[in-house]
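Q: First, the structure itself, so that you have it in front of you.
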Amino acid sequence: MPALVLLGAQWGDEGKGKATDLLGGSVDYVVRYQGGNNAGHTVVVGDQKYALHLLPSGILSPGCTPVIGNGVVVDPAVLLSELSGLNERGVDTSKLLLSGNAHLITPYHTTVDKVTERFLGSRKIGTTGRGIGPTYADKINRVGIRVQDLYDESILTQKVEAALDFKNQILAKLYNRRAIEAGAIVEELLTYAEQIKPYVADTTLILNNAIDEGKVVLFEGGQGTLLDVDHGTYPFVTSSNPTAGGACTGAGVGPTKISRVIGILKAYTTRVGAGPFPTELFDKDGEALRTIGGERGVTTGRDRRCGWFDAVIARYATRVNGLTDFFLTKLDVLTGWEQIPVCVAYEIDGKRVEELPYSQSDFHHAKPIYEMLPGWSEDITKAKTFSDLPKNAQAYVKALEEMSGAPISAIGVGPGRTETIEINSFLS
Ligand code: GDP
Ligand code: IMO
Ligand code: MG
């Protein structure tokens with residue numbers, strides 16, 4: 001089992017941090033391959049809770065080497081403050097590797113992110129305001145700044161000037177904002193250069209060698225399938241590819257090297273920010289899911305929108321990622337409902353539709369068709385094996401598995417590392 005991908009099967013916040021941390025003790029490398037500090041991954045170890053944004057969740061496992069791949073966008077100030085925050089709590093972060101090809105988020109990217117959202121008004125995406133979209137836009141536009149540029153002042157200055165030439169026109173003329181001075185940006189970036197240098201490495205070479213030597217490499221996705229810029233609910237998406245293919249481009253590893261793709265799937269659905277969400281609830285059930293599930297954003301503190309499980313989405317995630325199996329999280333949150341609705345298909349313009357429509361206009365007015373599954377009232381947080389679960393909880397899991405198109409290999413019954421039922425080993 002040399003290389004596996006672990007990614008979100010819905011709209012993010014499925015519990016990827018917990019799942020990655022759980023495997024971290026048995027893998028050699030954990031690699032972030034896309035996104036940046038828009039992510040908020042929670043890991044609970046004993047009575048300690050960690051919120052990771054940019055660093056891979058494997059950083060909390062002493063034997064594991066955490067890697068930030070070329071596909072990630074890196075805010076150097078956030079990187080250094082996240083590292084020092086962990087150091088203060090006694091976590092050794094010295095093994096971190098950072099790709100020299102990763103693009104840098106600079107203050108002008110966060111400014112453009114926020115100003116663009118304001119300009120969009122009611123049509124805004126509801127971004128995290130961390131500069132993610134503008135940084136990826138510059139990368140594709142070939143005016144981005146990479147980690148390696150920090151080590152050549154003259155190149156760095158030329159690149160920052162080139163990027164700001166155009167941006168300042170827009171900021172001043174369109175958004176009525178003050179132009180940003182290139183010299184000040186270069187100066188700020190250079191203050192990070194030496195502190196970051198020990199981590200900078202040729203991560204693609206290191207990871208490919210590791211896989212060839214039979215080491216276990218885990219690719220940890222940020223966000224989720226439906227936030228993917230190609231396969232998600234565009235334009236209400238993030239600006240990278242959290243789907244499985246993103247692991248290859250975002251880390252420089254070929255698809256032939258990856259043998260397992262695990263989808264992290266919440267037992268209900270949540271979403272942060274704007275965009276369509278067919279099973280969203282606006283009633284007391286939605287409020288109960290939010291309260292019991294603690295559904296508040298780790299990065300922005302926004303309340304998450306909550307709704308019932310959507311099997312159409314899960315099937316879609318299986319398809320576009322080639323999922324081999326699922327890790328079902330937060331089953332414990334559903335304890336106490338007499339009946340639990342599950343969306344099995346949509347009704348669109350009077351017709352029953354089983355698969356996610358490619359047309360966003362259709363998806364915007366898809367109405368969920370629910371099947372009611374019997375609930376359970378017993379506390380399941382102490383369950384260690386599948387047979388410890390009440391019969392109705394077992395049937396709920398089995399029904400989700402059947403509808404979602406891939407086996408469920410583990411079930412989360414609480415936030416802690418040990419609150420997990422493992423059905424099939426992830427590493428065999
Ligand atoms: P991520 O972004 O996918 O890593 O997920 P987040 O950390 O943003 O949100 C998931 C939340 O659910 C966190 O607060 C986790 O501690 C918590 N969590 C993860 N798995 C479980 C579970 O099985 N049960 C419960 N009750 N909470 C869980
Ligand atoms: P994790 O990794 C949930 C959402 C934002 C917004 C859209 C675009 O914790 O699952 P961006 O700042 O990326 O340009 O915002 O994507 N979003 C997330 N939603 N979990 C995340 O990360 C998210 N990262 C971005 O709310 O709707
Ligand atoms: Mg999160």
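The way I read the labels, and the way they are meant: chains A, B, ... in the order of the structure tokens, residue 1 as the first residue of every chain, and ligand 1 as the first ligand shown, with later ones counted on from there.
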Can you pull out every residue with an atom within 9 Å of ligand 3? Use only C-alpha atoms and all ligand atoms and format it as a PDB file with all heavy atoms, in the first residue's frame.
A:
ATOM      1  N   GLY A  12     -16.505  19.791   2.069  1.00  0.00           N
ATOM      2  CA  GLY A  12     -15.485  20.103   3.068  1.00  0.00           C
ATOM      3  C   GLY A  12     -15.971  19.838   4.481  1.00  0.00           C
ATOM      4  O   GLY A  12     -17.157  19.541   4.710  1.00  0.00           O
ATOM      5  N   ASP A  13     -15.026  19.885   5.432  1.00  0.00           N
ATOM      6  CA  ASP A  13     -15.322  19.714   6.856  1.00  0.00           C
ATOM      7  C   ASP A  13     -15.940  18.360   7.184  1.00  0.00           C
ATOM      8  O   ASP A  13     -16.749  18.229   8.104  1.00  0.00           O
ATOM      9  CB  ASP A  13     -16.240  20.850   7.367  1.00  0.00           C
ATOM     10  CG  ASP A  13     -15.639  22.207   7.093  1.00  0.00           C
ATOM     11  OD1 ASP A  13     -14.411  22.336   7.211  1.00  0.00           O
ATOM     12  OD2 ASP A  13     -16.393  23.141   6.752  1.00  0.00           O
ATOM     13  N   GLU A  14     -15.544  17.349   6.447  1.00  0.00           N
ATOM     14  CA  GLU A  14     -16.099  16.013   6.670  1.00  0.00           C
ATOM     15  C   GLU A  14     -15.416  15.297   7.828  1.00  0.00           C
ATOM     16  O   GLU A  14     -15.902  14.262   8.296  1.00  0.00           O
ATOM     17  CB  GLU A  14     -15.934  15.156   5.392  1.00  0.00           C
ATOM     18  CG  GLU A  14     -16.653  15.681   4.148  1.00  0.00           C
ATOM     19  CD  GLU A  14     -15.777  16.626   3.336  1.00  0.00           C
ATOM     20  OE1 GLU A  14     -14.716  17.063   3.827  1.00  0.00           O
ATOM     21  OE2 GLU A  14     -16.173  16.945   2.201  1.00  0.00           O
ATOM     22  N   GLY A  15     -14.264  15.829   8.255  1.00  0.00           N
ATOM     23  CA  GLY A  15     -13.491  15.158   9.312  1.00  0.00           C
ATOM     24  C   GLY A  15     -12.180  14.597   8.765  1.00  0.00           C
ATOM     25  O   GLY A  15     -11.645  13.617   9.273  1.00  0.00           O
ATOM     26  N   LYS A  16     -11.650  15.284   7.730  1.00  0.00           N
ATOM     27  CA  LYS A  16     -10.400  14.813   7.101  1.00  0.00           C
ATOM     28  C   LYS A  16      -9.234  14.857   8.085  1.00  0.00           C
ATOM     29  O   LYS A  16      -8.377  13.974   8.081  1.00  0.00           O
ATOM     30  CB  LYS A  16     -10.064  15.695   5.884  1.00  0.00           C
ATOM     31  CG  LYS A  16     -11.107  15.633   4.790  1.00  0.00           C
ATOM     32  CD  LYS A  16     -10.802  16.585   3.654  1.00  0.00           C
ATOM     33  CE  LYS A  16     -10.900  18.038   4.006  1.00  0.00           C
ATOM     34  NZ  LYS A  16     -12.252  18.532   4.316  1.00  0.00           N
ATOM     35  N   GLY A  17      -9.223  15.906   8.933  1.00  0.00           N
ATOM     36  CA  GLY A  17      -8.124  16.054   9.896  1.00  0.00           C
ATOM     37  C   GLY A  17      -8.061  14.865  10.828  1.00  0.00           C
ATOM     38  O   GLY A  17      -6.999  14.277  11.044  1.00  0.00           O
ATOM     39  N   ASN A  38      -7.120  28.230   3.689  1.00  0.00           N
ATOM     40  CA  ASN A  38      -8.588  28.241   3.704  1.00  0.00           C
ATOM     41  C   ASN A  38      -9.101  27.015   4.443  1.00  0.00           C
ATOM     42  O   ASN A  38     -10.211  26.994   4.962  1.00  0.00           O
ATOM     43  CB  ASN A  38      -9.173  28.291   2.274  1.00  0.00           C
ATOM     44  CG  ASN A  38      -8.550  27.280   1.326  1.00  0.00           C
ATOM     45  OD1 ASN A  38      -7.541  26.653   1.638  1.00  0.00           O
ATOM     46  ND2 ASN A  38      -9.143  27.126   0.152  1.00  0.00           N
ATOM     47  N   ALA A  39      -8.289  25.954   4.509  1.00  0.00           N
ATOM     48  CA  ALA A  39      -8.679  24.722   5.205  1.00  0.00           C
ATOM     49  C   ALA A  39      -8.661  24.933   6.714  1.00  0.00           C
ATOM     50  O   ALA A  39      -7.924  25.775   7.230  1.00  0.00           O
ATOM     51  CB  ALA A  39      -7.723  23.596   4.835  1.00  0.00           C
ATOM     52  N   GLY A  40      -9.486  24.163   7.401  1.00  0.00           N
ATOM     53  CA  GLY A  40      -9.455  24.125   8.863  1.00  0.00           C
ATOM     54  C   GLY A  40      -9.667  22.684   9.259  1.00  0.00           C
ATOM     55  O   GLY A  40     -10.766  22.163   9.121  1.00  0.00           O
ATOM     56  N   HIS A  41      -8.596  22.010   9.655  1.00  0.00           N
ATOM     57  CA  HIS A  41      -8.676  20.580   9.972  1.00  0.00           C
ATOM     58  C   HIS A  41      -8.498  20.392  11.475  1.00  0.00           C
ATOM     59  O   HIS A  41      -7.472  20.776  12.037  1.00  0.00           O
ATOM     60  CB  HIS A  41      -7.609  19.794   9.205  1.00  0.00           C
ATOM     61  CG  HIS A  41      -7.805  19.848   7.718  1.00  0.00           C
ATOM     62  ND1 HIS A  41      -6.939  19.273   6.828  1.00  0.00           N
ATOM     63  CD2 HIS A  41      -8.779  20.403   6.970  1.00  0.00           C
ATOM     64  CE1 HIS A  41      -7.376  19.472   5.598  1.00  0.00           C
ATOM     65  NE2 HIS A  41      -8.484  20.166   5.653  1.00  0.00           N
ATOM     66  N   THR A  42      -9.496  19.805  12.111  1.00  0.00           N
ATOM     67  CA  THR A  42      -9.451  19.629  13.560  1.00  0.00           C
ATOM     68  C   THR A  42      -8.932  18.248  13.911  1.00  0.00           C
ATOM     69  O   THR A  42      -9.383  17.251  13.347  1.00  0.00           O
ATOM     70  CB  THR A  42     -10.874  19.761  14.146  1.00  0.00           C
ATOM     71  OG1 THR A  42     -11.506  20.861  13.532  1.00  0.00           O
ATOM     72  CG2 THR A  42     -10.835  19.923  15.656  1.00  0.00           C
ATOM     73  N   ALA A  51      -6.187  22.932  15.682  1.00  0.00           N
ATOM     74  CA  ALA A  51      -6.835  23.373  14.440  1.00  0.00           C
ATOM     75  C   ALA A  51      -5.712  23.669  13.446  1.00  0.00           C
ATOM     76  O   ALA A  51      -4.946  24.612  13.639  1.00  0.00           O
ATOM     77  CB  ALA A  51      -7.667  24.616  14.691  1.00  0.00           C
ATOM     78  N   LEU A  52      -5.597  22.840  12.420  1.00  0.00           N
ATOM     79  CA  LEU A  52      -4.529  23.020  11.425  1.00  0.00           C
ATOM     80  C   LEU A  52      -5.126  23.652  10.176  1.00  0.00           C
ATOM     81  O   LEU A  52      -6.230  23.310   9.766  1.00  0.00           O
ATOM     82  CB  LEU A  52      -3.899  21.670  11.091  1.00  0.00           C
ATOM     83  CG  LEU A  52      -3.302  20.936  12.294  1.00  0.00           C
ATOM     84  CD1 LEU A  52      -2.970  19.495  11.951  1.00  0.00           C
ATOM     85  CD2 LEU A  52      -2.042  21.658  12.779  1.00  0.00           C
ATOM     86  N   HIS A  53      -4.392  24.581   9.591  1.00  0.00           N
ATOM     87  CA  HIS A  53      -4.908  25.266   8.402  1.00  0.00           C
ATOM     88  C   HIS A  53      -4.064  24.951   7.171  1.00  0.00           C
ATOM     89  O   HIS A  53      -4.572  24.578   6.130  1.00  0.00           O
ATOM     90  CB  HIS A  53      -4.960  26.768   8.656  1.00  0.00           C
ATOM     91  CG  HIS A  53      -5.910  27.100   9.776  1.00  0.00           C
ATOM     92  ND1 HIS A  53      -7.268  27.080   9.612  1.00  0.00           N
ATOM     93  CD2 HIS A  53      -5.701  27.385  11.080  1.00  0.00           C
ATOM     94  CE1 HIS A  53      -7.865  27.367  10.765  1.00  0.00           C
ATOM     95  NE2 HIS A  53      -6.924  27.551  11.671  1.00  0.00           N
ATOM     96  N   GLY A 222      -7.529  19.078   0.996  1.00  0.00           N
ATOM     97  CA  GLY A 222      -8.251  20.144   1.691  1.00  0.00           C
ATOM     98  C   GLY A 222      -9.604  20.275   1.003  1.00  0.00           C
ATOM     99  O   GLY A 222      -9.833  19.684  -0.067  1.00  0.00           O
ATOM    100  N   GLN A 223     -10.534  21.013   1.601  1.00  0.00           N
ATOM    101  CA  GLN A 223     -11.863  21.238   1.018  1.00  0.00           C
ATOM    102  C   GLN A 223     -12.559  19.904   0.677  1.00  0.00           C
ATOM    103  O   GLN A 223     -12.397  18.957   1.409  1.00  0.00           O
ATOM    104  CB  GLN A 223     -11.776  22.158  -0.212  1.00  0.00           C
ATOM    105  CG  GLN A 223     -11.345  23.569   0.120  1.00  0.00           C
ATOM    106  CD  GLN A 223      -9.854  23.715   0.378  1.00  0.00           C
ATOM    107  OE1 GLN A 223      -9.044  23.294  -0.423  1.00  0.00           O
ATOM    108  NE2 GLN A 223      -9.481  24.308   1.488  1.00  0.00           N
ATOM    109  N   GLY A 297     -17.405  26.957  11.407  1.00  0.00           N
ATOM    110  CA  GLY A 297     -16.160  26.914  10.641  1.00  0.00           C
ATOM    111  C   GLY A 297     -14.910  27.057  11.505  1.00  0.00           C
ATOM    112  O   GLY A 297     -14.869  27.914  12.388  1.00  0.00           O
ATOM    113  N   VAL A 298     -13.899  26.226  11.227  1.00  0.00           N
ATOM    114  CA  VAL A 298     -12.647  26.252  11.982  1.00  0.00           C
ATOM    115  C   VAL A 298     -11.792  27.445  11.543  1.00  0.00           C
ATOM    116  O   VAL A 298     -11.007  27.980  12.307  1.00  0.00           O
ATOM    117  CB  VAL A 298     -11.868  24.926  11.729  1.00  0.00           C
ATOM    118  CG1 VAL A 298     -10.541  24.910  12.463  1.00  0.00           C
ATOM    119  CG2 VAL A 298     -12.708  23.730  12.122  1.00  0.00           C
ATOM    120  N   THR A 299     -11.963  27.887  10.296  1.00  0.00           N
ATOM    121  CA  THR A 299     -11.132  28.964   9.757  1.00  0.00           C
ATOM    122  C   THR A 299     -11.784  30.330   9.935  1.00  0.00           C
ATOM    123  O   THR A 299     -11.154  31.275  10.389  1.00  0.00           O
ATOM    124  CB  THR A 299     -10.829  28.690   8.265  1.00  0.00           C
ATOM    125  OG1 THR A 299     -10.110  27.467   8.194  1.00  0.00           O
ATOM    126  CG2 THR A 299      -9.991  29.796   7.642  1.00  0.00           C
TER     127      THR A 299
END
Q: DSSP on the backbone: what in region 180-375 of chain A comes out strand (DSSP E), as a ChimeraX atom specification?
A: /A:200-201,217-220,260-266,269-271,305-307,309-310,325-329,339-348,351-353,367-374
Q: Which of these, A:Lys330, A:Lys384, A:His231, A:Arg177, has the shortest distance to ligand 1 once you count only C-alpha atoms and all ligand atoms?
A: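 Counting only C-alpha atoms and all ligand atoms, the residue closest to ligand 1 is A:Lys330.
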Q: As a list of chain:residue names, please: every residue in region 212-285 of chain A that DSSP puts in alpha helix (DSSP H).
A: A:Asp212, A:Ala244, A:Gly245, A:Gly246, A:Ala247, A:Cys248, A:Thr249, A:Lys284, A:Asp285
Q: Output C-alpha atoms of each residue in that selection to a file, as a PDB file, in the first residue's frame.
A:
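Result went into part-v4.pdb, see below:
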ATOM      1  CA  ASP A 212       9.831   3.407  -4.809  1.00  0.00           C
ATOM      2  CA  ALA A 244      -8.048  12.630  -6.494  1.00  0.00           C
ATOM      3  CA  GLY A 245      -6.334  13.790  -9.694  1.00  0.00           C
ATOM      4  CA  GLY A 246      -5.189  16.891  -7.818  1.00  0.00           C
ATOM      5  CA  ALA A 247      -2.940  14.697  -5.676  1.00  0.00           C
ATOM      6  CA  CYS A 248      -0.910  13.798  -8.777  1.00  0.00           C
ATOM      7  CA  THR A 249      -0.444  17.319 -10.113  1.00  0.00           C
ATOM      8  CA  LYS A 284     -35.177  22.932  13.915  1.00  0.00           C
ATOM      9  CA  ASP A 285     -33.546  19.783  12.475  1.00  0.00           C
TER      10      ASP A 285
END
Q: When you count only C-alpha atoms, which of these residues is closest to Thr420 (chain A): A:Gly131, A:Glu378, A:Ile59, A:Leu23?
A: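 Of all the options, A:Leu23 lies closest to Thr420 (chain A).
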Q: Considering only C-alpha atoms and all ligand atoms, can you say which of A:Phe327, A:Tyr151, A:Phe236, A:Tyr136 comes closest to ligand 1?
A: A:Phe327
Q: I'd like the contact shell of Gly85 (chain A) - 12 Å cut-off, only C-alpha atoms, skipping same-chain residues fewer than 5 positions apart - returned as an mmCIF file with N, CA, C and O atoms, in the first residue's frame.
A:
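Generated output (out19.cif):
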data_model
loop_
_atom_site.group_PDB
_atom_site.id
_atom_site.type_symbol
_atom_site.label_atom_id
_atom_site.label_comp_id
_atom_site.auth_asym_id
_atom_site.auth_seq_id
_atom_site.Cartn_x
_atom_site.Cartn_y
_atom_site.Cartn_z
ATOM 1 N N TYR A 50 -6.353 20.486 18.249
ATOM 2 C CA TYR A 50 -5.521 21.282 17.347
ATOM 3 C C TYR A 50 -6.352 21.679 16.127
ATOM 4 O O TYR A 50 -7.100 20.855 15.597
ATOM 5 N N ALA A 51 -6.187 22.932 15.682
ATOM 6 C CA ALA A 51 -6.835 23.373 14.440
ATOM 7 C C ALA A 51 -5.712 23.669 13.446
ATOM 8 O O ALA A 51 -4.946 24.612 13.639
ATOM 9 N N LEU A 52 -5.597 22.840 12.420
ATOM 10 C CA LEU A 52 -4.529 23.020 11.425
ATOM 11 C C LEU A 52 -5.126 23.652 10.176
ATOM 12 O O LEU A 52 -6.230 23.310 9.766
ATOM 13 N N HIS A 53 -4.392 24.581 9.591
ATOM 14 C CA HIS A 53 -4.908 25.266 8.402
ATOM 15 C C HIS A 53 -4.064 24.951 7.171
ATOM 16 O O HIS A 53 -4.572 24.578 6.130
ATOM 17 N N LEU A 55 -0.728 23.316 7.561
ATOM 18 C CA LEU A 55 0.140 22.159 7.794
ATOM 19 C C LEU A 55 -0.650 20.864 7.658
ATOM 20 O O LEU A 55 -1.810 20.789 8.077
ATOM 21 N N VAL A 78 1.423 32.948 7.732
ATOM 22 C CA VAL A 78 0.569 31.940 8.377
ATOM 23 C C VAL A 78 1.381 30.677 8.661
ATOM 24 O O VAL A 78 1.272 30.070 9.735
ATOM 25 N N LEU A 79 2.220 30.298 7.717
ATOM 26 C CA LEU A 79 3.054 29.095 7.910
ATOM 27 C C LEU A 79 3.894 29.236 9.174
ATOM 28 O O LEU A 79 3.899 28.342 10.041
ATOM 29 N N LEU A 80 4.575 30.366 9.291
ATOM 30 C CA LEU A 80 5.475 30.547 10.440
ATOM 31 C C LEU A 80 4.692 30.638 11.749
ATOM 32 O O LEU A 80 5.116 30.092 12.768
ATOM 33 N N GLY A 90 4.674 22.085 22.238
ATOM 34 C CA GLY A 90 5.564 20.935 22.369
ATOM 35 C C GLY A 90 5.584 19.998 21.168
ATOM 36 O O GLY A 90 6.113 18.884 21.241
ATOM 37 N N VAL A 91 5.016 20.441 20.029
ATOM 38 C CA VAL A 91 5.023 19.584 18.835
ATOM 39 C C VAL A 91 6.303 19.853 18.039
ATOM 40 O O VAL A 91 6.638 21.011 17.765
ATOM 41 N N ASP A 92 7.012 18.787 17.688
ATOM 42 C CA ASP A 92 8.225 18.919 16.891
ATOM 43 C C ASP A 92 7.831 19.079 15.418
ATOM 44 O O ASP A 92 7.211 18.178 14.840
ATOM 45 N N THR A 93 8.190 20.207 14.826
ATOM 46 C CA THR A 93 7.798 20.458 13.438
ATOM 47 C C THR A 93 9.015 20.449 12.499
ATOM 48 O O THR A 93 8.903 20.828 11.339
#
Q: With only C-alpha atoms counted and 10 Å as the cut-off, give the residues of region 78-197 of chain A in contact with region 255-277 of chain A, each with its shortest interatomic distance in Å and the pair that gives it, as a Markdown table.
A:
| residue | atom | partner | partner_atom | distance |
| --- | --- | --- | --- | --- |
| A:Ser122 | CA | A:Ala274 | CA | 9.7 |
| A:Arg123 | CA | A:Ala274 | CA | 8.6 |
| A:Lys124 | CA | A:Ala274 | CA | 7.3 |
| A:Ile125 | CA | A:Ala274 | CA | 5.3 |
| A:Gly126 | CA | A:Gly273 | CA | 4.4 |
| A:Thr127 | CA | A:Gly273 | CA | 6.6 |
| A:Thr128 | CA | A:Gly273 | CA | 8.3 |
Q: Since we have the selection now, will you write its residues out, keeping N, CA and C atoms, as a PDB file, in the first residue's frame?
A:
ATOM      1  N   SER A 122     -24.206  40.670  -3.781  1.00  0.00           N
ATOM      2  CA  SER A 122     -25.065  39.510  -3.496  1.00  0.00           C
ATOM      3  C   SER A 122     -24.619  38.269  -4.280  1.00  0.00           C
ATOM      4  N   ARG A 123     -23.761  38.458  -5.274  1.00  0.00           N
ATOM      5  CA  ARG A 123     -23.293  37.303  -6.061  1.00  0.00           C
ATOM      6  C   ARG A 123     -21.980  36.735  -5.519  1.00  0.00           C
ATOM      7  N   LYS A 124     -21.594  37.184  -4.325  1.00  0.00           N
ATOM      8  CA  LYS A 124     -20.290  36.756  -3.793  1.00  0.00           C
ATOM      9  C   LYS A 124     -20.248  35.248  -3.532  1.00  0.00           C
ATOM     10  N   ILE A 125     -19.010  34.716  -3.495  1.00  0.00           N
ATOM     11  CA  ILE A 125     -18.796  33.275  -3.298  1.00  0.00           C
ATOM     12  C   ILE A 125     -18.839  32.932  -1.804  1.00  0.00           C
ATOM     13  N   GLY A 126     -18.519  33.927  -0.978  1.00  0.00           N
ATOM     14  CA  GLY A 126     -18.376  33.633   0.454  1.00  0.00           C
ATOM     15  C   GLY A 126     -17.035  32.968   0.720  1.00  0.00           C
ATOM     16  N   THR A 127     -15.979  33.498   0.100  1.00  0.00           N
ATOM     17  CA  THR A 127     -14.647  32.893   0.279  1.00  0.00           C
ATOM     18  C   THR A 127     -14.177  33.065   1.726  1.00  0.00           C
ATOM     19  N   THR A 128     -13.085  32.409   2.041  1.00  0.00           N
ATOM     20  CA  THR A 128     -12.522  32.533   3.383  1.00  0.00           C
ATOM     21  C   THR A 128     -11.702  33.831   3.503  1.00  0.00           C
TER      22      THR A 128
END
Q: Name the residues in contact with Ile348 (chain A) at a cut-off of 10 Å, using only C-alpha atoms, excluding same-chain residues fewer than 3 positions from it; report them as a ChimeraX atom specification.
A: /A:345,351-353,357,362-368
Q: For the residues selected in the previous step, produce a file with N, CA, C and O atoms as a tab-separated table (two decimals), in the first residue's frame.
A:
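So the final result, stored in selection.tsv, reads:
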chain	number	residue	atom	x	y	z
A	345	ALA	N	-32.38	10.65	-4.54
A	345	ALA	CA	-32.41	11.15	-5.94
A	345	ALA	C	-32.96	12.57	-5.89
A	345	ALA	O	-33.35	13.05	-4.82
A	351	LYS	N	-39.06	15.59	-13.11
A	351	LYS	CA	-38.47	14.28	-13.46
A	351	LYS	C	-37.56	13.80	-12.34
A	351	LYS	O	-36.86	14.60	-11.71
A	352	ARG	N	-37.53	12.46	-12.11
A	352	ARG	CA	-36.63	11.89	-11.13
A	352	ARG	C	-35.23	11.74	-11.74
A	352	ARG	O	-35.08	11.17	-12.82
A	353	VAL	N	-34.22	12.26	-11.05
A	353	VAL	CA	-32.85	12.24	-11.57
A	353	VAL	C	-31.96	11.53	-10.54
A	353	VAL	O	-31.96	11.90	-9.38
A	357	PRO	N	-26.72	16.37	-11.88
A	357	PRO	CA	-26.81	16.94	-13.24
A	357	PRO	C	-25.57	17.79	-13.55
A	357	PRO	O	-25.06	18.47	-12.67
A	362	ASP	N	-29.84	23.27	-13.61
A	362	ASP	CA	-30.67	22.15	-13.12
A	362	ASP	C	-30.40	21.89	-11.64
A	362	ASP	O	-31.31	21.71	-10.85
A	363	PHE	N	-29.11	21.91	-11.29
A	363	PHE	CA	-28.75	21.60	-9.90
A	363	PHE	C	-29.34	22.64	-8.94
A	363	PHE	O	-29.75	22.31	-7.83
A	364	HIS	N	-29.38	23.89	-9.39
A	364	HIS	CA	-29.90	24.96	-8.54
A	364	HIS	C	-31.36	24.73	-8.16
A	364	HIS	O	-31.80	25.18	-7.12
A	365	HIS	N	-32.14	24.08	-9.02
A	365	HIS	CA	-33.51	23.83	-8.58
A	365	HIS	C	-33.84	22.35	-8.43
A	365	HIS	O	-34.98	21.93	-8.56
A	366	ALA	N	-32.79	21.57	-8.10
A	366	ALA	CA	-33.02	20.14	-7.77
A	366	ALA	C	-33.69	20.05	-6.40
A	366	ALA	O	-33.26	20.68	-5.44
A	367	LYS	N	-34.77	19.25	-6.35
A	367	LYS	CA	-35.44	19.05	-5.05
A	367	LYS	C	-35.11	17.64	-4.57
A	367	LYS	O	-35.20	16.68	-5.34
A	368	PRO	N	-34.74	17.49	-3.30
A	368	PRO	CA	-34.37	16.16	-2.83
A	368	PRO	C	-35.58	15.21	-2.74
A	368	PRO	O	-36.66	15.64	-2.34
Q: Between A:Arg296, A:Lys167, A:Arg319, A:Arg302, which is the closest to ligand 1 once you count only C-alpha atoms and all ligand atoms?
A: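 Looking at the shortest contact to ligand 1, the residue is A:Arg296.
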Q: Which value, in Å to one decimal, gives the distance between CA of Leu97 (chain A) and CA of Ile68 (chain A)?
A: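 Computed distance, CA of Leu97 (chain A) to CA of Ile68 (chain A), equals 6.2 Å.
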Q: Can you list, as number ranges by chain, every protein, DNA or RNA residue that comes within 10 Å of Thr20 (chain A) when you count only C-alpha atoms, leaving out same-chain residues fewer than 4 positions away?
A: A: 5-7, 15-16, 24-25, 27, 30, 41, 43, 56-58, 61, 218-221, 264
Q: Would you mind listing what lies within 12 Å of region 183-190 of chain A as a JSON list (two decimals) with C-alpha atoms, in the first residue's frame, with only C-alpha atoms counted and same-chain residues fewer than 2 positions away left out?
A:
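Contents of part18.json, freshly written:
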[["chain", "number", "residue", "atom", "x", "y", "z"],
["A", 74, "VAL", "CA", 1.39, 29.17, 1.00],
["A", 75, "ASP", "CA", 0.97, 32.30, 3.06],
["A", 76, "PRO", "CA", 4.45, 32.50, 4.64],
["A", 77, "ALA", "CA", 3.25, 34.55, 7.65],
["A", 104, "LEU", "CA", 3.09, 32.26, -2.25],
["A", 105, "ILE", "CA", 0.04, 34.12, -1.00],
["A", 106, "THR", "CA", 1.10, 37.74, -0.51],
["A", 107, "PRO", "CA", -0.79, 40.64, 1.12],
["A", 108, "TYR", "CA", -2.00, 41.80, -2.31],
["A", 109, "HIS", "CA", -3.71, 38.45, -2.89],
["A", 145, "ILE", "CA", 5.56, 34.21, -6.91],
["A", 146, "ARG", "CA", 6.99, 30.85, -5.85],
["A", 147, "VAL", "CA", 8.75, 29.81, -2.65],
["A", 148, "GLN", "CA", 12.04, 29.51, -4.58],
["A", 149, "ASP", "CA", 11.80, 33.17, -5.64],
["A", 150, "LEU", "CA", 12.45, 34.18, -2.04],
["A", 151, "TYR", "CA", 16.09, 33.23, -2.56],
["A", 152, "ASP", "CA", 16.84, 35.56, -5.48],
["A", 153, "GLU", "CA", 16.04, 39.15, -4.53],
["A", 154, "SER", "CA", 16.36, 40.52, -8.03],
["A", 155, "ILE", "CA", 14.00, 37.91, -9.53],
["A", 156, "LEU", "CA", 11.59, 38.39, -6.62],
["A", 157, "THR", "CA", 11.51, 42.16, -7.18],
["A", 158, "GLN", "CA", 10.92, 41.78, -10.92],
["A", 159, "LYS", "CA", 8.10, 39.31, -10.35],
["A", 160, "VAL", "CA", 6.35, 41.33, -7.66],
["A", 161, "GLU", "CA", 6.59, 44.46, -9.83],
["A", 163, "ALA", "CA", 2.27, 41.20, -10.76],
["A", 164, "LEU", "CA", 1.46, 44.58, -9.22],
["A", 179, "ALA", "CA", -2.05, 51.12, -5.08],
["A", 180, "ILE", "CA", 0.23, 48.62, -3.33],
["A", 181, "GLU", "CA", 3.92, 49.40, -3.34],
["A", 192, "TYR", "CA", 10.34, 35.23, 5.91],
["A", 193, "ALA", "CA", 12.95, 33.82, 3.54],
["A", 194, "GLU", "CA", 15.61, 32.63, 6.01],
["A", 195, "GLN", "CA", 13.08, 31.25, 8.50],
["A", 196, "ILE", "CA", 11.44, 29.13, 5.82],
["A", 197, "LYS", "CA", 14.65, 27.99, 4.13]]
Q: Please compute the CA of Gly129 (chain A)-atom 5 (C, counted along the ligand's line) of ligand 2 distance, one decimal, in Å.
A: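 So the two atoms, CA of Gly129 (chain A) and atom 5 (C, counted along the ligand's line) of ligand 2, lie 8.6 Å apart.
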Q: Here is a test: counting only C-alpha atoms and all ligand atoms, which residue of A:Gly232, A:Pro415, A:Gly336, A:Pro341 is nearest to ligand 2?
A: A:Gly232
